[in-house]
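Here is the file data.cif (mmCIF, N, CA and C atoms).
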data_my_file
#
loop_
_atom_site.group_PDB
_atom_site.id
_atom_site.type_symbol
_atom_site.label_atom_id
_atom_site.label_comp_id
_atom_site.auth_asym_id
_atom_site.auth_seq_id
_atom_site.Cartn_x
_atom_site.Cartn_y
_atom_site.Cartn_z
ATOM 1 N N MET A 877 56.597 -10.500 90.750
ATOM 2 C CA MET A 877 57.262 -9.877 91.876
ATOM 3 C C MET A 877 56.214 -9.444 92.899
ATOM 4 N N LEU A 878 56.435 -9.770 94.143
ATOM 5 C CA LEU A 878 55.512 -9.436 95.219
ATOM 6 C C LEU A 878 55.675 -7.976 95.606
ATOM 7 N N ASN A 879 54.571 -7.266 95.672
ATOM 8 C CA ASN A 879 54.589 -5.871 96.066
ATOM 9 C C ASN A 879 54.428 -5.802 97.580
ATOM 10 N N GLU A 880 55.460 -5.382 98.271
ATOM 11 C CA GLU A 880 55.425 -5.355 99.732
ATOM 12 C C GLU A 880 54.486 -4.286 100.276
ATOM 13 N N LEU A 881 54.057 -3.346 99.433
ATOM 14 C CA LEU A 881 53.156 -2.306 99.884
ATOM 15 C C LEU A 881 51.690 -2.721 99.809
ATOM 16 N N SER A 882 51.420 -3.880 99.251
ATOM 17 C CA SER A 882 50.034 -4.339 99.129
ATOM 18 C C SER A 882 49.455 -4.611 100.502
ATOM 19 N N PRO A 883 48.233 -4.110 100.766
ATOM 20 C CA PRO A 883 47.623 -4.376 102.074
ATOM 21 C C PRO A 883 47.241 -5.836 102.200
ATOM 22 N N LYS A 884 47.244 -6.315 103.426
ATOM 23 C CA LYS A 884 46.815 -7.690 103.673
ATOM 24 C C LYS A 884 45.325 -7.802 103.424
ATOM 25 N N ARG A 885 44.904 -8.923 102.882
ATOM 26 C CA ARG A 885 43.481 -9.137 102.648
ATOM 27 C C ARG A 885 42.802 -9.408 103.979
ATOM 28 N N ASP A 886 41.609 -8.874 104.129
ATOM 29 C CA ASP A 886 40.836 -9.032 105.348
ATOM 30 C C ASP A 886 39.898 -10.213 105.172
ATOM 31 N N SER A 887 40.154 -11.279 105.904
ATOM 32 C CA SER A 887 39.322 -12.474 105.779
ATOM 33 C C SER A 887 37.920 -12.261 106.347
ATOM 34 N N GLY A 888 37.715 -11.165 107.125
ATOM 35 C CA GLY A 888 36.419 -10.886 107.712
ATOM 36 C C GLY A 888 35.443 -10.237 106.750
ATOM 37 N N GLY A 889 35.885 -9.907 105.544
ATOM 38 C CA GLY A 889 34.994 -9.308 104.552
ATOM 39 C C GLY A 889 35.077 -7.809 104.549
ATOM 40 N N THR A 890 34.047 -7.145 105.034
ATOM 41 C CA THR A 890 33.977 -5.691 104.943
ATOM 42 C C THR A 890 34.937 -5.003 105.901
ATOM 43 N N THR A 891 35.257 -3.768 105.559
ATOM 44 C CA THR A 891 36.105 -2.923 106.378
ATOM 45 C C THR A 891 35.380 -1.605 106.577
ATOM 46 N N VAL A 892 35.482 -1.035 107.757
ATOM 47 C CA VAL A 892 34.847 0.245 108.050
ATOM 48 C C VAL A 892 35.815 1.365 107.669
ATOM 49 N N TYR A 893 35.299 2.309 106.874
ATOM 50 C CA TYR A 893 36.094 3.448 106.438
ATOM 51 C C TYR A 893 35.452 4.747 106.891
ATOM 52 N N GLN A 894 36.287 5.771 107.017
ATOM 53 C CA GLN A 894 35.839 7.132 107.285
ATOM 54 C C GLN A 894 36.392 7.994 106.152
ATOM 55 N N ILE A 895 35.484 8.583 105.378
ATOM 56 C CA ILE A 895 35.864 9.412 104.239
ATOM 57 C C ILE A 895 35.460 10.838 104.573
ATOM 58 N N ARG A 896 36.448 11.723 104.609
ATOM 59 C CA ARG A 896 36.204 13.120 104.984
ATOM 60 C C ARG A 896 36.210 13.980 103.723
ATOM 61 N N LEU A 897 35.144 14.825 103.593
ATOM 62 C CA LEU A 897 34.965 15.662 102.416
ATOM 63 C C LEU A 897 34.870 17.128 102.813
ATOM 64 N N GLU A 898 35.250 18.005 101.886
ATOM 65 C CA GLU A 898 35.127 19.439 102.117
ATOM 66 C C GLU A 898 33.684 19.871 101.845
ATOM 67 N N GLY A 899 33.108 20.653 102.742
ATOM 68 C CA GLY A 899 31.734 21.116 102.580
ATOM 69 C C GLY A 899 30.745 20.189 103.255
ATOM 70 N N HIS A 900 29.494 20.607 103.267
ATOM 71 C CA HIS A 900 28.438 19.823 103.912
ATOM 72 C C HIS A 900 27.529 19.177 102.886
ATOM 73 N N LEU A 901 27.220 17.907 103.114
ATOM 74 C CA LEU A 901 26.246 17.168 102.317
ATOM 75 C C LEU A 901 25.032 16.887 103.195
ATOM 76 N N GLY A 902 23.856 16.894 102.597
ATOM 77 C CA GLY A 902 22.634 16.584 103.329
ATOM 78 C C GLY A 902 22.417 15.079 103.412
ATOM 79 N N GLN A 903 21.491 14.697 104.281
ATOM 80 C CA GLN A 903 21.181 13.275 104.475
ATOM 81 C C GLN A 903 20.598 12.619 103.222
ATOM 82 N N GLN A 904 20.075 13.419 102.284
ATOM 83 C CA GLN A 904 19.508 12.852 101.059
ATOM 84 C C GLN A 904 20.564 12.139 100.215
ATOM 85 N N TRP A 905 21.834 12.327 100.512
ATOM 86 C CA TRP A 905 22.914 11.667 99.769
ATOM 87 C C TRP A 905 23.240 10.282 100.315
ATOM 88 N N THR A 906 22.575 9.844 101.383
ATOM 89 C CA THR A 906 22.866 8.546 102.003
ATOM 90 C C THR A 906 22.772 7.396 101.004
ATOM 91 N N ASN A 907 21.704 7.335 100.223
ATOM 92 C CA ASN A 907 21.568 6.252 99.238
ATOM 93 C C ASN A 907 22.639 6.329 98.165
ATOM 94 N N TRP A 908 22.977 7.531 97.721
ATOM 95 C CA TRP A 908 24.018 7.718 96.693
ATOM 96 C C TRP A 908 25.347 7.142 97.176
ATOM 97 N N PHE A 909 25.622 7.285 98.472
ATOM 98 C CA PHE A 909 26.870 6.783 99.047
ATOM 99 C C PHE A 909 26.666 5.439 99.743
ATOM 100 N N ASP A 910 25.828 4.604 99.164
ATOM 101 C CA ASP A 910 25.650 3.206 99.575
ATOM 102 C C ASP A 910 25.338 3.022 101.049
ATOM 103 N N GLY A 911 24.558 3.943 101.626
ATOM 104 C CA GLY A 911 24.105 3.789 103.002
ATOM 105 C C GLY A 911 25.108 4.191 104.069
ATOM 106 N N LEU A 912 26.229 4.805 103.686
ATOM 107 C CA LEU A 912 27.176 5.268 104.701
ATOM 108 C C LEU A 912 26.527 6.356 105.550
ATOM 109 N N THR A 913 26.929 6.438 106.805
ATOM 110 C CA THR A 913 26.436 7.471 107.703
ATOM 111 C C THR A 913 27.066 8.802 107.312
ATOM 112 N N ILE A 914 26.235 9.843 107.202
ATOM 113 C CA ILE A 914 26.707 11.179 106.835
ATOM 114 C C ILE A 914 26.648 12.064 108.064
ATOM 115 N N THR A 915 27.801 12.630 108.440
ATOM 116 C CA THR A 915 27.890 13.518 109.586
ATOM 117 C C THR A 915 28.532 14.823 109.143
ATOM 118 N N CYS A 916 27.892 15.945 109.448
ATOM 119 C CA CYS A 916 28.450 17.256 109.118
ATOM 120 C C CYS A 916 29.144 17.809 110.360
ATOM 121 N N ASP A 917 30.433 18.084 110.219
ATOM 122 C CA ASP A 917 31.215 18.625 111.328
ATOM 123 C C ASP A 917 31.119 20.147 111.356
ATOM 124 N N ASP A 918 31.386 20.717 112.538
ATOM 125 C CA ASP A 918 31.360 22.171 112.706
ATOM 126 C C ASP A 918 32.437 22.874 111.891
ATOM 127 N N ASN A 919 33.470 22.144 111.486
ATOM 128 C CA ASN A 919 34.575 22.743 110.734
ATOM 129 C C ASN A 919 34.265 22.868 109.235
ATOM 130 N N GLY A 920 33.019 22.551 108.847
ATOM 131 C CA GLY A 920 32.626 22.684 107.455
ATOM 132 C C GLY A 920 32.866 21.446 106.612
ATOM 133 N N GLU A 921 33.233 20.342 107.235
ATOM 134 C CA GLU A 921 33.491 19.103 106.510
ATOM 135 C C GLU A 921 32.362 18.095 106.747
ATOM 136 N N THR A 922 32.251 17.166 105.810
ATOM 137 C CA THR A 922 31.314 16.053 105.931
ATOM 138 C C THR A 922 32.119 14.778 106.108
ATOM 139 N N VAL A 923 31.656 13.909 106.995
ATOM 140 C CA VAL A 923 32.315 12.631 107.218
ATOM 141 C C VAL A 923 31.349 11.518 106.829
ATOM 142 N N LEU A 924 31.783 10.667 105.905
ATOM 143 C CA LEU A 924 31.033 9.472 105.520
ATOM 144 C C LEU A 924 31.668 8.302 106.253
ATOM 145 N N THR A 925 30.882 7.537 106.995
ATOM 146 C CA THR A 925 31.414 6.433 107.785
ATOM 147 C C THR A 925 30.562 5.191 107.590
ATOM 148 N N GLY A 926 31.228 4.044 107.431
ATOM 149 C CA GLY A 926 30.493 2.797 107.351
ATOM 150 C C GLY A 926 31.283 1.690 106.700
ATOM 151 N N PRO A 927 30.682 0.518 106.641
ATOM 152 C CA PRO A 927 31.365 -0.642 106.064
ATOM 153 C C PRO A 927 31.434 -0.553 104.543
ATOM 154 N N VAL A 928 32.569 -0.972 104.012
ATOM 155 C CA VAL A 928 32.793 -1.021 102.568
ATOM 156 C C VAL A 928 33.240 -2.444 102.251
ATOM 157 N N ALA A 929 32.582 -3.075 101.295
ATOM 158 C CA ALA A 929 32.783 -4.503 101.024
ATOM 159 C C ALA A 929 34.204 -4.852 100.615
ATOM 160 N N ASP A 930 34.809 -4.045 99.751
ATOM 161 C CA ASP A 930 36.147 -4.367 99.253
ATOM 162 C C ASP A 930 36.751 -3.135 98.592
ATOM 163 N N GLN A 931 37.943 -3.279 98.045
ATOM 164 C CA GLN A 931 38.633 -2.156 97.430
ATOM 165 C C GLN A 931 37.887 -1.619 96.212
ATOM 166 N N ALA A 932 37.244 -2.491 95.459
ATOM 167 C CA ALA A 932 36.472 -2.045 94.300
ATOM 168 C C ALA A 932 35.329 -1.136 94.744
ATOM 169 N N ALA A 933 34.662 -1.490 95.841
ATOM 170 C CA ALA A 933 33.566 -0.667 96.369
ATOM 171 C C ALA A 933 34.103 0.669 96.887
ATOM 172 N N LEU A 934 35.265 0.652 97.518
ATOM 173 C CA LEU A 934 35.878 1.889 98.002
ATOM 174 C C LEU A 934 36.190 2.817 96.831
ATOM 175 N N HIS A 935 36.774 2.274 95.781
ATOM 176 C CA HIS A 935 37.085 3.080 94.610
ATOM 177 C C HIS A 935 35.807 3.615 93.956
ATOM 178 N N GLY A 936 34.723 2.833 94.004
ATOM 179 C CA GLY A 936 33.442 3.301 93.490
ATOM 180 C C GLY A 936 32.924 4.496 94.271
ATOM 181 N N LEU A 937 33.056 4.456 95.594
ATOM 182 C CA LEU A 937 32.644 5.585 96.422
ATOM 183 C C LEU A 937 33.484 6.825 96.128
ATOM 184 N N LEU A 938 34.788 6.619 95.974
ATOM 185 C CA LEU A 938 35.676 7.749 95.679
ATOM 186 C C LEU A 938 35.381 8.327 94.295
ATOM 187 N N ARG A 939 34.977 7.483 93.366
ATOM 188 C CA ARG A 939 34.582 7.953 92.033
ATOM 189 C C ARG A 939 33.342 8.839 92.132
ATOM 190 N N LYS A 940 32.405 8.467 93.009
ATOM 191 C CA LYS A 940 31.200 9.283 93.208
ATOM 192 C C LYS A 940 31.561 10.654 93.771
ATOM 193 N N VAL A 941 32.512 10.684 94.709
ATOM 194 C CA VAL A 941 32.983 11.958 95.265
ATOM 195 C C VAL A 941 33.556 12.811 94.140
ATOM 196 N N ARG A 942 34.387 12.207 93.318
ATOM 197 C CA ARG A 942 34.995 12.920 92.194
ATOM 198 C C ARG A 942 33.936 13.447 91.236
ATOM 199 N N ASP A 943 32.951 12.611 90.905
ATOM 200 C CA ASP A 943 31.912 12.990 89.949
ATOM 201 C C ASP A 943 31.073 14.162 90.446
ATOM 202 N N LEU A 944 30.932 14.301 91.754
ATOM 203 C CA LEU A 944 30.186 15.423 92.329
ATOM 204 C C LEU A 944 31.034 16.691 92.429
ATOM 205 N N GLY A 945 32.334 16.556 92.194
ATOM 206 C CA GLY A 945 33.221 17.710 92.269
ATOM 207 C C GLY A 945 33.513 18.155 93.689
ATOM 208 N N ILE A 946 33.380 17.234 94.624
ATOM 209 C CA ILE A 946 33.627 17.533 96.035
ATOM 210 C C ILE A 946 35.100 17.262 96.347
ATOM 211 N N ALA A 947 35.722 18.156 97.097
ATOM 212 C CA ALA A 947 37.125 17.963 97.472
ATOM 213 C C ALA A 947 37.243 16.872 98.533
ATOM 214 N N LEU A 948 38.101 15.905 98.276
ATOM 215 C CA LEU A 948 38.387 14.825 99.212
ATOM 216 C C LEU A 948 39.447 15.295 100.195
ATOM 217 N N VAL A 949 39.145 15.200 101.489
ATOM 218 C CA VAL A 949 40.086 15.626 102.520
ATOM 219 C C VAL A 949 40.935 14.445 102.979
ATOM 220 N N SER A 950 40.289 13.295 103.289
ATOM 221 C CA SER A 950 41.037 12.129 103.751
ATOM 222 C C SER A 950 40.189 10.871 103.666
ATOM 223 N N VAL A 951 40.875 9.739 103.661
ATOM 224 C CA VAL A 951 40.241 8.426 103.733
ATOM 225 C C VAL A 951 40.986 7.638 104.795
ATOM 226 N N HIS A 952 40.253 7.136 105.788
ATOM 227 C CA HIS A 952 40.878 6.363 106.860
ATOM 228 C C HIS A 952 40.186 5.018 107.002
ATOM 229 N N ARG A 953 40.996 3.986 107.086
ATOM 230 C CA ARG A 953 40.478 2.660 107.400
ATOM 231 C C ARG A 953 40.344 2.598 108.915
ATOM 232 N N ILE A 954 39.118 2.436 109.384
ATOM 233 C CA ILE A 954 38.860 2.433 110.821
ATOM 234 C C ILE A 954 39.117 1.048 111.398
ATOM 235 N N ALA A 955 38.465 0.042 110.846
ATOM 236 C CA ALA A 955 38.624 -1.322 111.337
ATOM 237 C C ALA A 955 37.959 -2.277 110.369
ATOM 238 N N SER A 956 38.415 -3.508 110.404
ATOM 239 C CA SER A 956 37.723 -4.536 109.641
ATOM 240 C C SER A 956 36.471 -4.931 110.421
ATOM 241 N N ALA A 957 35.523 -5.545 109.765
ATOM 242 C CA ALA A 957 34.302 -5.992 110.434
ATOM 243 C C ALA A 957 34.639 -6.972 111.549
ATOM 244 N N GLU A 958 35.626 -7.813 111.325
ATOM 245 C CA GLU A 958 36.044 -8.786 112.341
ATOM 246 C C GLU A 958 36.591 -8.076 113.576
ATOM 247 N N GLN A 959 37.408 -7.030 113.384
ATOM 248 C CA GLN A 959 37.950 -6.277 114.507
ATOM 249 C C GLN A 959 36.831 -5.591 115.275
ATOM 250 N N SER A 960 35.835 -5.045 114.566
ATOM 251 C CA SER A 960 34.706 -4.380 115.213
ATOM 252 C C SER A 960 33.919 -5.364 116.066
ATOM 253 N N ARG A 961 33.673 -6.575 115.535
ATOM 254 C CA ARG A 961 32.934 -7.587 116.309
ATOM 255 C C ARG A 961 33.724 -7.991 117.555
ATOM 256 N N HIS A 962 35.040 -8.094 117.428
ATOM 257 C CA HIS A 962 35.877 -8.482 118.558
ATOM 258 C C HIS A 962 35.807 -7.426 119.658
ATOM 259 N N LYS A 963 35.845 -6.142 119.290
ATOM 260 C CA LYS A 963 35.777 -5.070 120.268
ATOM 261 C C LYS A 963 34.428 -5.040 120.967
ATOM 262 N N GLU A 964 33.343 -5.304 120.214
ATOM 263 C CA GLU A 964 32.012 -5.309 120.813
ATOM 264 C C GLU A 964 31.861 -6.431 121.834
ATOM 265 N N ALA A 965 32.552 -7.551 121.616
ATOM 266 C CA ALA A 965 32.443 -8.706 122.515
ATOM 267 C C ALA A 965 33.175 -8.474 123.827
ATOM 268 N N GLU A 966 34.119 -7.539 123.854
ATOM 269 C CA GLU A 966 34.908 -7.292 125.070
ATOM 270 C C GLU A 966 34.135 -6.619 126.148
#
This entry written out as C-alpha cells:
Amino acid sequence: MLNELSPKRDSGGTTVYQIRLEGHLGQQWTNWFDGLTITCDDNGETVLTGPVADQAALHGLLRKVRDLGIALVSVHRIASAEQSRHKEAE
C-alpha cells in the first residue's frame, strides 16, 4: 500500500535543513554535527544549518541531539540542493 504521506525523493541529492535547539552550543560542536553551521540566536536557541545527504543522515543528526540531552525546538527543510542552485543562478 502506498503511503501518501511519504515525501517525494529529491533527485538533486542533498537537502538543506535548519535544526533549532534550546540553549547555546559553541563552535567546537561543528565537527560533531557533520560540519553544519552553528548560529546562536539572541533568544537563547542554537540553529544548525546546512546540507544533509538523506533521511538516514538527518536521523543521525537528531540522534546526536538526543544523546547530548539537548531539547529539540524544530526541524525545517529549507531547500533541496537543486533548488538552491536554481535560486543562485537567477
Which of these, A:Ala955, A:Glu921, A:Ile946, A:Ala932, has the shortest distance to A:Leu901 once you count all atoms listed in the file?
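Under the stated criterion, the closest residue is A:Glu921.
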Per-residue DSSP, stretch 889-930 of chain A, filtered to strand (DSSP E or B), as an NGL selection string:
:A and (891-898 or 913-916 or 921-928)
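The space separating atom N of A:Lys940 from atom C of A:Gln894 comes to 13.7 Å.
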Centre and edge lengths, as JSON, for the axis-aligned box enclosing every listed atom of stretch 920-929 of chain A with 5 Å of padding on each of the six sides, in Å to one decimal?
{"center_x": 32.3, "center_y": 8.9, "center_z": 104.7, "size_x": 13.7, "size_y": 37.5, "size_z": 18.2}
Test item: residues at most 6 Å from A:Thr913, all atoms listed in the file, excluding those fewer than 6 positions along its chain, as a PyMOL selection string:
chain A and resi 923-926
Residues of stretch 900-938 of chain A in alpha helix (DSSP H), written as a ChimeraX atom specification
/A:931-938
For the file shown, what are the residues hit by the PyMOL selection byres (((chain A and resi 949 and name CA) around 6) and name CA), laid out as a VMD selection string?
chain A and resid 896 to 897 948 950
